[in-house]
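J.: What follows is model_37.csv, made up of CSV, C-alpha atoms:
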chain,number,residue,atom,x,y,z
E,769,MET,CA,28.3,35.5,-54.5
E,770,VAL,CA,31.0,33.1,-55.7
E,771,VAL,CA,29.9,29.4,-56.0
E,772,VAL,CA,32.8,27.0,-55.7
E,773,GLY,CA,32.1,23.5,-56.9
E,774,GLU,CA,33.0,20.5,-54.8
E,775,ALA,CA,35.5,19.2,-57.4
E,776,VAL,CA,37.5,22.4,-57.6
E,777,TRP,CA,37.7,22.8,-53.8
E,778,ASP,CA,41.2,22.1,-52.4
E,779,LYS,CA,43.9,23.6,-50.1
E,780,GLU,CA,45.4,25.6,-53.0
E,781,LEU,CA,42.1,27.5,-53.2
E,782,LEU,CA,42.1,28.7,-49.6
E,783,PRO,CA,44.3,31.9,-50.1
E,784,PHE,CA,42.0,33.0,-53.0
E,785,LEU,CA,38.8,32.4,-51.0
E,786,SER,CA,40.2,34.2,-48.0
E,787,ARG,CA,41.2,37.1,-50.2
E,788,ILE,CA,37.8,37.5,-51.9
E,789,LYS,CA,35.9,37.1,-48.6
E,790,LYS,CA,37.8,40.1,-47.2
E,791,GLU,CA,36.8,42.0,-50.3
E,792,GLY,CA,33.2,41.5,-49.6
E,793,PHE,CA,32.2,38.4,-51.6
E,794,SER,CA,30.1,35.6,-50.0
E,795,VAL,CA,31.3,32.1,-50.9
E,796,ILE,CA,29.4,28.9,-50.9
E,797,ARG,CA,30.8,25.4,-51.5
E,798,SER,CA,28.3,23.3,-53.4
E,799,ASP,CA,27.6,20.5,-55.8
E,800,PHE,CA,26.5,22.9,-58.5
E,801,LEU,CA,24.5,20.4,-60.5
E,802,ALA,CA,22.4,19.8,-57.4
E,803,CYS,CA,22.4,23.5,-56.4
E,804,ASN,CA,18.9,25.1,-56.3
E,805,ARG,CA,17.9,28.7,-56.6
E,806,GLU,CA,17.3,29.0,-52.9
E,807,ILE,CA,21.1,28.4,-52.4
E,808,CYS,CA,22.4,30.5,-55.3
E,809,ASN,CA,20.5,32.9,-57.6
E,810,PRO,CA,22.2,32.5,-61.0
E,811,CYS,CA,21.7,36.1,-61.9
E,812,GLU,CA,23.6,37.2,-58.8
E,813,SER,CA,26.3,34.6,-58.7
E,814,LEU,CA,29.5,33.6,-60.4
E,815,ILE,CA,30.7,30.0,-60.4
E,816,LEU,CA,34.3,28.8,-60.3
E,817,THR,CA,34.8,25.4,-61.7
E,818,ASP,CA,37.3,23.1,-63.4
E,819,GLN,CA,34.7,21.0,-65.1
E,820,GLU,CA,33.3,21.7,-68.6
E,821,GLU,CA,30.0,20.1,-67.9
E,822,ILE,CA,29.4,22.5,-65.0
E,823,ALA,CA,30.6,25.5,-67.0
E,824,ARG,CA,28.1,24.8,-69.8
E,825,LYS,CA,25.3,24.1,-67.3
E,826,ALA,CA,26.0,27.4,-65.6
E,827,ALA,CA,26.1,29.3,-68.8
E,828,SER,CA,22.8,27.8,-69.9
E,829,LEU,CA,21.3,29.2,-66.6
E,830,LYS,CA,22.6,32.7,-67.4
E,831,MET,CA,25.2,32.4,-64.7
E,832,ALA,CA,28.7,34.0,-65.0
E,833,VAL,CA,31.5,31.4,-65.3
E,834,LEU,CA,35.2,31.5,-64.4
E,835,ALA,CA,37.0,28.3,-65.3
E,836,LEU,CA,40.1,27.0,-63.6
E,837,GLU,CA,42.1,24.8,-65.9
E,838,ARG,CA,44.2,22.3,-64.0
E,839,GLU,CA,47.7,21.1,-65.1
E,840,GLY,CA,47.3,18.0,-67.2
E,841,ALA,CA,43.5,18.2,-67.5
E,842,GLU,CA,41.5,18.5,-70.6
E,843,PRO,CA,41.1,22.1,-71.9
E,844,ILE,CA,37.8,23.8,-71.1
E,845,SER,CA,36.2,25.2,-74.2
E,846,ARG,CA,33.5,27.7,-74.9
E,847,VAL,CA,34.2,29.7,-71.7
E,848,PRO,CA,35.4,33.2,-72.2
E,849,TYR,CA,37.5,33.4,-69.1
E,850,VAL,CA,39.8,30.5,-68.3
E,851,LEU,CA,42.6,30.8,-65.7
E,852,THR,CA,45.5,28.4,-64.9
E,853,SER,CA,46.1,30.1,-61.6
E,854,LEU,CA,44.2,32.2,-59.1
E,855,GLU,CA,47.2,34.1,-57.9
E,856,GLY,CA,46.5,37.8,-57.8
E,857,ILE,CA,42.8,37.3,-58.7
E,858,GLY,CA,40.4,39.4,-56.7
E,859,LYS,CA,37.4,41.6,-56.6
E,860,GLU,CA,38.3,43.7,-59.7
E,861,TYR,CA,38.7,40.7,-61.9
E,862,LEU,CA,35.7,38.8,-60.6
E,863,SER,CA,33.5,41.9,-61.1
E,864,MET,CA,34.8,42.2,-64.6
E,865,VAL,CA,33.9,38.6,-65.5
E,866,TYR,CA,30.4,39.0,-64.0
E,867,GLN,CA,29.8,42.4,-65.7
E,868,ARG,CA,31.0,41.1,-69.1
E,869,PHE,CA,28.8,38.1,-68.9
E,870,HIS,CA,25.7,40.1,-68.1
E,871,GLY,CA,26.5,42.9,-70.6
E,872,GLU,CA,26.9,45.6,-67.9
E,873,PRO,CA,29.1,48.6,-68.9
E,874,ILE,CA,32.3,48.7,-66.8
E,875,THR,CA,33.4,52.0,-65.3
E,876,ILE,CA,37.1,52.4,-65.8
E,877,ALA,CA,37.6,55.7,-64.0
E,878,GLU,CA,35.9,58.6,-62.3
E,879,THR,CA,37.1,62.2,-62.2
E,880,GLU,CA,35.8,65.3,-60.5
E,881,ARG,CA,33.3,65.9,-63.3
E,882,LEU,CA,33.2,62.7,-65.3
E,883,CYS,CA,32.3,59.0,-65.2
E,884,ILE,CA,34.3,57.2,-67.8
E,885,ARG,CA,32.7,53.9,-68.7
E,886,GLU,CA,32.1,51.5,-71.6
E,887,LEU,CA,29.7,52.4,-74.4
E,888,THR,CA,26.2,51.0,-74.4
E,889,GLU,CA,23.6,50.9,-77.1
E,890,MET,CA,22.0,54.0,-75.5
E,891,GLU,CA,25.0,56.1,-76.7
E,892,ALA,CA,25.3,54.3,-80.1
E,893,GLU,CA,23.8,57.0,-82.2
E,894,LEU,CA,25.7,59.8,-80.4
E,895,PHE,CA,29.0,57.9,-80.6
E,896,VAL,CA,28.8,57.2,-84.3
E,897,GLU,CA,27.6,60.8,-85.1
E,898,LEU,CA,30.6,62.2,-83.1
E,899,CYS,CA,32.9,59.9,-85.0
E,900,ARG,CA,31.5,61.1,-88.3
E,901,GLU,CA,32.0,64.7,-87.1
E,902,ALA,CA,35.6,64.0,-86.1
E,903,SER,CA,36.2,62.0,-89.4
E,904,TRP,CA,37.3,58.9,-87.5
E,905,HIS,CA,37.6,55.6,-89.2
E,906,THR,CA,35.4,54.8,-92.2
E,907,GLU,CA,33.8,51.6,-90.7
E,908,ARG,CA,32.0,53.7,-88.1
E,909,LYS,CA,30.5,56.0,-90.8
E,910,LEU,CA,29.0,53.1,-92.7
E,911,CYS,CA,27.6,50.9,-90.0
E,912,GLU,CA,24.3,50.8,-88.2
E,913,PRO,CA,25.1,52.4,-84.8
E,914,ILE,CA,23.4,50.0,-82.4
E,915,GLU,CA,24.8,46.9,-84.2
E,916,TYR,CA,28.2,48.5,-84.3
E,917,VAL,CA,28.3,49.2,-80.6
E,918,LYS,CA,27.0,45.7,-79.8
E,919,ALA,CA,29.9,44.2,-81.8
E,920,TYR,CA,32.3,46.7,-80.3
E,921,ARG,CA,31.4,45.7,-76.8
E,922,ARG,CA,31.7,42.0,-77.5
E,923,TYR,CA,34.9,42.0,-79.5
E,924,GLN,CA,36.8,45.2,-78.6
E,925,TYR,CA,36.2,45.4,-74.9
E,926,GLY,CA,35.9,41.6,-74.6
E,927,PHE,CA,39.2,40.9,-76.3
E,928,TYR,CA,41.4,43.9,-75.5
E,929,GLY,CA,39.8,45.2,-72.3
E,930,TYR,CA,40.1,48.7,-73.7
E,931,GLY,CA,38.7,50.9,-76.6
E,932,PHE,CA,36.8,54.1,-76.8
E,933,TRP,CA,34.7,54.9,-73.7
E,934,ALA,CA,31.7,57.1,-73.0
E,935,LEU,CA,32.3,60.3,-71.1
E,936,MET,CA,29.3,60.9,-68.9
E,937,ASP,CA,28.6,64.0,-66.9
E,938,LYS,CA,28.6,62.9,-63.2
E,939,LYS,CA,26.2,65.6,-62.1
E,940,TYR,CA,23.5,65.2,-64.8
E,941,GLY,CA,24.3,61.7,-66.1
E,942,THR,CA,24.4,62.9,-69.7
E,943,TRP,CA,26.7,62.0,-72.6
E,944,ILE,CA,29.3,64.7,-73.3
E,945,GLY,CA,31.7,62.8,-75.6
E,946,THR,CA,34.1,59.9,-76.0
E,947,ALA,CA,37.8,59.2,-75.5
E,948,GLY,CA,40.0,56.1,-75.6
E,949,ILE,CA,42.6,54.0,-77.4
E,950,GLU,CA,42.7,51.4,-80.1
E,951,GLN,CA,45.5,49.2,-81.4
E,952,ARG,CA,47.1,50.3,-84.6
E,953,GLU,CA,50.0,49.2,-86.8
E,954,ASP,CA,52.2,50.9,-89.4
E,955,GLU,CA,55.6,50.4,-91.0
E,956,GLU,CA,57.3,51.2,-87.7
E,957,GLY,CA,55.3,48.6,-85.8
E,958,GLN,CA,52.4,48.5,-83.4
E,959,TYR,CA,51.2,51.4,-81.3
E,960,LEU,CA,48.1,52.6,-79.4
E,961,GLU,CA,46.2,55.5,-81.0
E,962,LEU,CA,44.6,57.9,-78.5
E,963,GLY,CA,41.5,59.8,-79.6
E,964,TYR,CA,39.1,62.2,-77.9
E,965,ALA,CA,36.0,64.2,-79.0
E,966,VAL,CA,33.6,66.3,-76.9
E,967,VAL,CA,30.1,67.6,-78.0
E,968,GLU,CA,30.2,71.2,-79.2
E,969,GLU,CA,28.5,72.8,-76.2
E,970,LYS,CA,31.1,71.2,-73.8
E,971,ARG,CA,34.3,72.1,-75.7
E,972,CYS,CA,37.1,74.3,-74.4
E,973,GLN,CA,36.1,73.5,-70.8
E,974,GLY,CA,38.9,71.0,-70.0
E,975,TYR,CA,36.8,67.8,-70.3
E,976,ALA,CA,39.1,66.1,-72.9
E,977,LYS,CA,42.2,66.8,-70.8
E,978,GLU,CA,40.5,65.5,-67.7
E,979,ALA,CA,39.3,62.4,-69.4
E,980,CYS,CA,42.6,61.6,-71.1
E,981,ARG,CA,44.6,62.0,-67.9
E,982,ALA,CA,42.3,59.5,-66.2
E,983,ILE,CA,42.5,57.1,-69.1
E,984,LEU,CA,46.3,57.2,-69.2
E,985,ASP,CA,46.4,56.5,-65.5
E,986,TYR,CA,44.1,53.5,-66.0
E,987,LEU,CA,46.2,52.1,-68.9
E,988,LYS,CA,49.3,52.3,-66.7
E,989,GLU,CA,47.9,51.3,-63.3
E,990,GLY,CA,44.9,49.2,-64.2
E,991,LEU,CA,46.0,47.4,-67.4
E,992,GLU,CA,49.7,47.8,-67.0
E,993,LEU,CA,50.1,48.6,-70.8
E,994,GLU,CA,53.4,49.6,-72.3
E,995,GLY,CA,54.4,50.9,-75.6
E,996,VAL,CA,54.0,53.9,-77.9
E,997,ILE,CA,50.9,56.1,-77.7
E,998,ARG,CA,50.1,58.4,-80.7
E,999,CYS,CA,47.4,61.0,-81.3
E,1000,PHE,CA,46.6,62.5,-84.7
E,1001,VAL,CA,45.2,66.0,-84.5
E,1002,PRO,CA,43.9,68.2,-87.4
E,1003,LYS,CA,46.3,71.0,-88.1
E,1004,GLU,CA,43.6,73.6,-87.7
E,1005,ASN,CA,42.4,72.3,-84.3
E,1006,LEU,CA,44.4,74.3,-81.9
E,1007,ALA,CA,42.4,73.3,-78.9
E,1008,SER,CA,43.0,69.6,-79.5
E,1009,GLN,CA,46.7,70.3,-80.0
E,1010,ARG,CA,46.9,72.0,-76.6
E,1011,THR,CA,45.1,69.0,-75.1
E,1012,ALA,CA,47.6,66.6,-76.5
E,1013,GLN,CA,50.5,68.7,-75.2
E,1014,SER,CA,48.9,69.0,-71.8
E,1015,ILE,CA,48.9,65.2,-71.2
E,1016,GLY,CA,52.5,64.8,-72.1
E,1017,LEU,CA,52.4,64.0,-75.8
E,1018,LEU,CA,55.1,65.6,-77.9
E,1019,GLN,CA,54.8,66.5,-81.6
E,1020,THR,CA,56.8,64.3,-83.9
E,1021,LYS,CA,58.1,65.2,-87.4
E,1022,ASP,CA,55.5,66.6,-89.7
E,1023,LYS,CA,54.8,63.9,-92.3
E,1024,PHE,CA,51.0,64.2,-92.8
E,1025,ASP,CA,49.2,66.7,-94.9
E,1026,LYS,CA,46.2,67.3,-92.6
E,1027,PHE,CA,47.3,66.1,-89.2
E,1028,TYR,CA,50.0,66.6,-86.6
E,1029,CYS,CA,51.2,63.5,-84.9
E,1030,TYR,CA,51.8,63.6,-81.1
E,1031,GLU,CA,53.5,60.8,-79.3
E,1032,ARG,CA,54.8,59.5,-76.0
E,1033,ILE,CA,56.4,56.3,-74.8
E,1034,PHE,CA,54.2,54.7,-72.2
Once more with this new file: its structure as structure tokens, please.
T.:
Amino acid sequence: MVVVGEAVWDKELLPFLSRIKKEGFSVIRSDFLACNREICNPCESLILTDQEEIARKAASLKMAVLALEREGAEPISRVPYVLTSLEGIGKEYLSMVYQRFHGEPITIAETERLCIRELTEMEAELFVELCREASWHTERKLCEPIEYVKAYRRYQYGFYGYGFWALMDKKYGTWIGTAGIEQREDEEGQYLELGYAVVEEKRCQGYAKEACRAILDYLKEGLELEGVIRCFVPKENLASQRTAQSIGLLQTKDKFDKFYCYERIF
């Protein structure tokens, strides 16, 4: 349910309301400060407001908030999601705001065999252990897994909208690995680093390729990202080299002792 405060309701809002109603949302127009739980259950609702007092009140009631900042109005602070226009905003964005607020993992893609979604604390130990095995990034080796994933969900997903995701077996609901991208920078500039790792018993069965293809589609169609994507593969890991090649990455000049660098323009 989307609750729209009386103050924010105007003619400019009508196309947005019409759009989200067609997408399955119920909408109520209400004075939120007088709204009771019989009208809107905070845990099942999202409020759209242009008033900071209402935004803070809603957040205190554990209610997801989307703020609309009007031209010339005072900025709304302490609200994670603030828009200046509702043009193009629909079900996908509203669902993301709601799920982020309530800490629900967002599914970014599904394939024939995989559900690709954000990491949760339940996979924390498995994720960090797989990172250690793959020799990825020192900070993951030194951290406490659950606290690391909590921070990762808040700052990596919350700020960028992407990161490393959990690869879950659709049939059994079990963890089989991780894949994703993170922002990096070197002397040549910024780029996105792609990584993938699958648990030993699921390797060489095409899962990494299946996941990476879905992820690249999501980056292009869902997030509309552009730029350079690189993947660094150990020179002795022939299977991972084949995976990189199969998703369209080309090997660049050999300038690392232990890794091959694969790259594509996205």
J.: For each of E:Thr888, E:Val833, E:Val795, E:Val865, take the minimum atom-to-atom distance to E:Pro810, counting only C-alpha atoms, then give the residue where this is smallest.
T.: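 Looking at the shortest contact to E:Pro810, the residue is E:Val833.
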J.: Please indicate the distance in Å from atom CA of E:Glu837 to atom CA of E:Ile815, rounded to one decimal place.
T.: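 Those two atoms sit 13.7 Å apart.
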J.: With a distance cut-off of 10 Å and only C-alpha atoms, select the neighbouring residues of E:Lys918, excluding the residue or stretch itself and same-chain residues fewer than 4 positions from it, and output the selection as number ranges by chain.
T.: E: 871, 887-889, 892, 913-914, 922-924
J.: If we count all atoms listed in the file, what is near E:Glu878 at a cut-off of 10 Å, once residues fewer than 4 positions away on the same chain are taken out, given as a PyMOL selection string?
T.: chain E and resi 882-885+935-936+938+978-979+982-983
J.: To one decimal place, how far is atom CA of E:Ala835 from atom CA of E:Glu915 in Å?
T.: 29.2 Å
J.: If you measure from atom CA of E:Ser863 to atom CA of E:Leu785, what distance in Å do you get, rounded to one decimal?
T.: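 Computing it gives 14.8 Å between the two atoms.
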J.: Excluding E:Arg1032 and its own-chain neighbours fewer than 4 positions away, which residues fall within 7 Å of it when counting only C-alpha atoms? Please give them as a ChimeraX atom specification.
T.: /E:996-998,1016-1018
J.: From the set E:Thr942, E:Ser794, E:Asn1005, E:Thr852, which residue has the shortest atom-to-atom contact distance to E:Ser813, counting all atoms listed in the file?
T.: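 Among E:Thr942, E:Ser794, E:Asn1005, E:Thr852, it is E:Ser794 that comes nearest to E:Ser813.
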J.: Given the point (37.9, 53.8, -78.6) in the coordinates of this file, which residues lie within 8 Å, counting only C-alpha atoms, and how would they look as a VMD selection string?
T.: chain E and resid 930 to 933 946 to 950 962 to 963
J.: From the list E:Arg846, E:Arg981, E:Lys790, E:His870, which residue is nearest E:Arg824 when using only C-alpha atoms?
T.: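 Nearest to E:Arg824: E:Arg846.
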J.: Using only C-alpha atoms, pick whichever of E:Glu897, E:Asp954, E:Glu820, E:Asp937 has the shortest atom-to-atom distance to E:Val847.
T.: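 Of E:Glu897, E:Asp954, E:Glu820, E:Asp937, the one nearest E:Val847, counting only C-alpha atoms, is E:Glu820.
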J.: With all atoms listed in the file as the atoms that count, which of E:Asp985, E:Glu912, E:Glu880, E:Glu812 lies nearest to E:Leu894?
T.: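 Closest to E:Leu894, using all atoms listed in the file: E:Glu912.
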J.: Limit the output to N, CA, C and O atoms and give stretch 959-974 of chain E as a PDB file, in the first residue's frame.
T.:
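Result file follows (part.pdb):
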ATOM      1  N   TYR E 959      36.743   1.438 -12.952  1.00  0.00           N
ATOM      2  CA  TYR E 959      36.187   0.296 -13.680  1.00  0.00           C
ATOM      3  C   TYR E 959      35.379  -0.552 -12.711  1.00  0.00           C
ATOM      4  O   TYR E 959      35.412  -0.347 -11.490  1.00  0.00           O
ATOM      5  N   LEU E 960      34.628  -1.498 -13.246  1.00  0.00           N
ATOM      6  CA  LEU E 960      33.867  -2.448 -12.439  1.00  0.00           C
ATOM      7  C   LEU E 960      34.581  -3.793 -12.475  1.00  0.00           C
ATOM      8  O   LEU E 960      34.877  -4.308 -13.554  1.00  0.00           O
ATOM      9  N   GLU E 961      34.858  -4.333 -11.307  1.00  0.00           N
ATOM     10  CA  GLU E 961      35.516  -5.637 -11.248  1.00  0.00           C
ATOM     11  C   GLU E 961      34.464  -6.726 -11.060  1.00  0.00           C
ATOM     12  O   GLU E 961      33.677  -6.693 -10.108  1.00  0.00           O
ATOM     13  N   LEU E 962      34.457  -7.671 -11.954  1.00  0.00           N
ATOM     14  CA  LEU E 962      33.543  -8.814 -11.897  1.00  0.00           C
ATOM     15  C   LEU E 962      34.245  -9.985 -11.221  1.00  0.00           C
ATOM     16  O   LEU E 962      35.407 -10.278 -11.503  1.00  0.00           O
ATOM     17  N   GLY E 963      33.536 -10.623 -10.314  1.00  0.00           N
ATOM     18  CA  GLY E 963      34.078 -11.807  -9.662  1.00  0.00           C
ATOM     19  C   GLY E 963      33.019 -12.880  -9.541  1.00  0.00           C
ATOM     20  O   GLY E 963      31.820 -12.588  -9.524  1.00  0.00           O
ATOM     21  N   TYR E 964      33.451 -14.132  -9.466  1.00  0.00           N
ATOM     22  CA  TYR E 964      32.513 -15.239  -9.306  1.00  0.00           C
ATOM     23  C   TYR E 964      33.241 -16.408  -8.656  1.00  0.00           C
ATOM     24  O   TYR E 964      34.425 -16.648  -8.889  1.00  0.00           O
ATOM     25  N   ALA E 965      32.522 -17.103  -7.798  1.00  0.00           N
ATOM     26  CA  ALA E 965      33.084 -18.264  -7.114  1.00  0.00           C
ATOM     27  C   ALA E 965      31.939 -19.208  -6.754  1.00  0.00           C
ATOM     28  O   ALA E 965      30.896 -18.767  -6.265  1.00  0.00           O
ATOM     29  N   VAL E 966      32.146 -20.485  -6.997  1.00  0.00           N
ATOM     30  CA  VAL E 966      31.129 -21.508  -6.762  1.00  0.00           C
ATOM     31  C   VAL E 966      31.716 -22.561  -5.828  1.00  0.00           C
ATOM     32  O   VAL E 966      32.911 -22.866  -5.896  1.00  0.00           O
ATOM     33  N   VAL E 967      30.885 -23.098  -4.936  1.00  0.00           N
ATOM     34  CA  VAL E 967      31.365 -24.125  -4.014  1.00  0.00           C
ATOM     35  C   VAL E 967      31.873 -25.333  -4.809  1.00  0.00           C
ATOM     36  O   VAL E 967      31.415 -25.617  -5.921  1.00  0.00           O
ATOM     37  N   GLU E 968      32.817 -26.043  -4.219  1.00  0.00           N
ATOM     38  CA  GLU E 968      33.557 -27.075  -4.943  1.00  0.00           C
ATOM     39  C   GLU E 968      32.662 -28.112  -5.609  1.00  0.00           C
ATOM     40  O   GLU E 968      32.881 -28.492  -6.765  1.00  0.00           O
ATOM     41  N   GLU E 969      31.619 -28.558  -4.913  1.00  0.00           N
ATOM     42  CA  GLU E 969      30.787 -29.636  -5.459  1.00  0.00           C
ATOM     43  C   GLU E 969      29.909 -29.188  -6.623  1.00  0.00           C
ATOM     44  O   GLU E 969      29.303 -30.033  -7.318  1.00  0.00           O
ATOM     45  N   LYS E 970      29.844 -27.870  -6.884  1.00  0.00           N
ATOM     46  CA  LYS E 970      29.017 -27.360  -7.978  1.00  0.00           C
ATOM     47  C   LYS E 970      29.844 -26.782  -9.130  1.00  0.00           C
ATOM     48  O   LYS E 970      29.276 -26.234 -10.073  1.00  0.00           O
ATOM     49  N   ARG E 971      31.142 -26.941  -9.058  1.00  0.00           N
ATOM     50  CA  ARG E 971      31.999 -26.371 -10.095  1.00  0.00           C
ATOM     51  C   ARG E 971      31.962 -27.188 -11.376  1.00  0.00           C
ATOM     52  O   ARG E 971      31.603 -28.363 -11.378  1.00  0.00           O
ATOM     53  N   CYS E 972      32.324 -26.499 -12.467  1.00  0.00           N
ATOM     54  CA  CYS E 972      32.384 -27.128 -13.803  1.00  0.00           C
ATOM     55  C   CYS E 972      31.027 -27.649 -14.249  1.00  0.00           C
ATOM     56  O   CYS E 972      30.936 -28.637 -14.994  1.00  0.00           O
ATOM     57  N   GLN E 973      29.957 -26.980 -13.813  1.00  0.00           N
ATOM     58  CA  GLN E 973      28.601 -27.339 -14.235  1.00  0.00           C
ATOM     59  C   GLN E 973      27.872 -26.157 -14.871  1.00  0.00           C
ATOM     60  O   GLN E 973      26.664 -26.190 -15.068  1.00  0.00           O
ATOM     61  N   GLY E 974      28.618 -25.095 -15.173  1.00  0.00           N
ATOM     62  CA  GLY E 974      28.046 -23.955 -15.879  1.00  0.00           C
ATOM     63  C   GLY E 974      27.329 -22.935 -15.016  1.00  0.00           C
ATOM     64  O   GLY E 974      26.729 -21.986 -15.537  1.00  0.00           O
TER      65      GLY E 974
END
